[in-house]
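Step one of this worksheet: look at the structure below.
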Amino acid sequence: MGRYLSIPILGFAAALSSSIIPQIIGFFVALVGSITPILDSSRGQLSLVMLLVVAWAIRSDLEGSFAWAFVGGIAMDLLSIIPVGTSSFALVLIVFVVNTLSVQIYRVNIIMIFAITIVSTIFMQFFVYFILVLLGNSYNLLALIRLILIPTLIYNLIAIIPIYGFVRLIQRRLEGGLQSTPNTLG
Amino acid sequence: MRQSWRSNRLIFLIVMLSLCGGLMLLSIIGISSQVEGVAATPLNGISGAFSRLSVSLNEIFEDLNNFGRLNERVAELEEQLAQQQVELIQLREVASDYNRLTGLLSYTSNIDNQEFVTADVIAVDQSSIARSIIINRGTRDGIAVGMIVTTDLGLVGRITRVSSNASQVQLVNDENSAVSARLQTTRAEGSVIGQASGVLRMTFIDLDEDIVQNDLVITSGLGGNFPPDIVIGQVTSIRQFEFELFQEAEVRSLVDFDTLEFVLVITNFQPVDLSIFSPEEG
């Protein structure tokens with residue numbers, strides 16, 4: 001059931017990421033840009049689809065996580081200039097690592113969630129950069145780190161906990177109760 | 001048992017990666033473009049609906065954000081309007097001379113002949129690295145790859161991918177966008193390229209040329225990829241070093257790419273393929 005749910009959730013998330021979220025982030029930057037120079041004139045965006053996929057992978061089986069990674073990646077790429085399959089490729093690798101980690105660790109804590117978010121964001125951005133460079137484009141790497149990667153990391157770290165909470169809510173509803181989950185946050 | 005479970009996980013990973021890699025390959029070659037177009041249709045529809053909502057949200061945010069500065073801005077605009085009216089009268093005189101002379105030469109302006117299709121912006125690029133937008137017009141509306149996208153304020157970009165009902169536009173401020181340009185007053189030639197910060201830079205301007213602050217930068221038409229005389233932006237600062245072969249100017253586009261709602265696609269401009277004139281290799 002969870003893997004079918006990925007299609008509407010991630011489809012809506014991708015559509016939100018390319019329409020309303022940039023406007024909300026623009027407003028947020030206009031408000032706090034003057035006090036946090038790192039966000040001023042930045043081009044970072046919240047990676048909503050990636051965060052949903054990662055949050056799902058923390059407590060899901062590998063098959064379900066792969067389904068979310070595949071669907072999420074396709075939804076992202078269909079609304080982007082990058083070739084379809086690029087984000088799926090990166091997300092599949094990310095969820096494999098996340099799933100391997102979460103089955104080996106008894107308690108998933110907040111530090112681990114933040115660490116996963118940081119590593120996933122950096123990997124995802126560099127993977128997309130690498131593919132775009134392979135396709136013959138050229139970008140100023142240092143400027144991209146300053147203007148895109150660091151602000152994106154900040155937004156993702158702010159958003160991961162509510163997103164994780166939302167995903168856990170869905171997973172608990174699907175599982176039919178709290179008692180069936182072996183791990184709990186905190 | 002544990003070993004077999006681990007190897008299954010790895011096989012599963014390899015299968016998934018091969019599937020994604022295959023999709024990427026098909027997408028790069030262009031074989032899957034029609035399927036992608038069909039698959040993107042519902043997403044474009046949802047994105048379009050959200051975009052309309054975000055336009056309303058944006059207007060509310062803008063109003064809240066700008067409320068304090070509005071009075072100051074009104075005074076500034078009134079002063080500018082007075083200056084513009086003087087310039088308008090002068091330009092009308094020039095235009096009447098121009099019409100008379102072009103009539104005599106049986107010359108037809110390109111701009112007069114341009115045909116436009118209006119489009120709504122329905123999505124911005126998911127990857128922050130590349131700068132592109134998606135518009136709600138596609139092959140059904142006569143849109144093709146290479147067509148030029150503008151607004152009344154100036155150049156927006158160029159169509160790079162088309163499906164039946166949507167098209168992707170590479171913005172002029174993308175780092176991989178380059179437009180042949182000239183300065184309006186001095187006619188100095190150069191190339192306008194996008195920067196990571198989103199601003200534009202005009203490069204390859206001869207050191208002998210004078211660059212005037214606030215001068216308009218327009219497309220030159222050289223290279224055949226863009227029609228001439230489309231406004232790109234305005235010079236905001238000049239960079240000149242003795243040890244460099246060329247000088248550069250920072251250009252501010254009059255178009256706000258972050259809040260684009262509507263664009264115009266020039267449908268009757270055919271990019272010129274100049275590759276046949278380049279010397280053959282070997």
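Going by the structure tokens order, chains are called A, B, ..., each with residues numbered from 1, while ligands are numbered from 1 in the order shown.
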(request) Compute the set of chain B residues within 6 Å of chain A, using only C-alpha atoms, and express it as a list of chain:residue names. (result)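 Result, ordered by chain then number: B:Leu17, B:Cys20, B:Leu23, B:Met24, B:Ser27, B:Ile28, B:Ala40, B:Ser47, B:Phe50, B:Ser51, B:Ser54, B:Ala123, B:Val124, B:Asp125, B:Gln126, B:Ala196.
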Report as a CSV table (one decimal) with C-alpha atoms, in the first residue's frame all protein, DNA and RNA residues lying within 12 Å of A:Phe166, evaluated on only C-alpha atoms, omitting residues in the same chain fewer than 3 positions from it.
chain,number,residue,atom,x,y,z
A,9,ILE,CA,2.4,12.1,-2.3
A,51,LEU,CA,13.3,14.5,2.3
A,52,LEU,CA,10.1,12.6,2.0
A,53,VAL,CA,11.9,9.7,0.4
A,55,ALA,CA,12.1,9.9,5.9
A,56,TRP,CA,10.2,7.0,4.4
A,159,ALA,CA,12.2,20.9,7.4
A,160,ILE,CA,13.3,17.3,8.1
A,161,ILE,CA,11.7,16.9,11.5
A,162,PRO,CA,8.2,18.0,10.5
A,163,ILE,CA,8.5,15.9,7.3
A,169,LEU,CA,2.1,9.4,10.8
A,170,ILE,CA,1.3,7.8,7.4
A,171,GLN,CA,3.4,4.8,8.2
A,172,ARG,CA,1.7,4.2,11.5
A,173,ARG,CA,-1.7,4.5,9.9
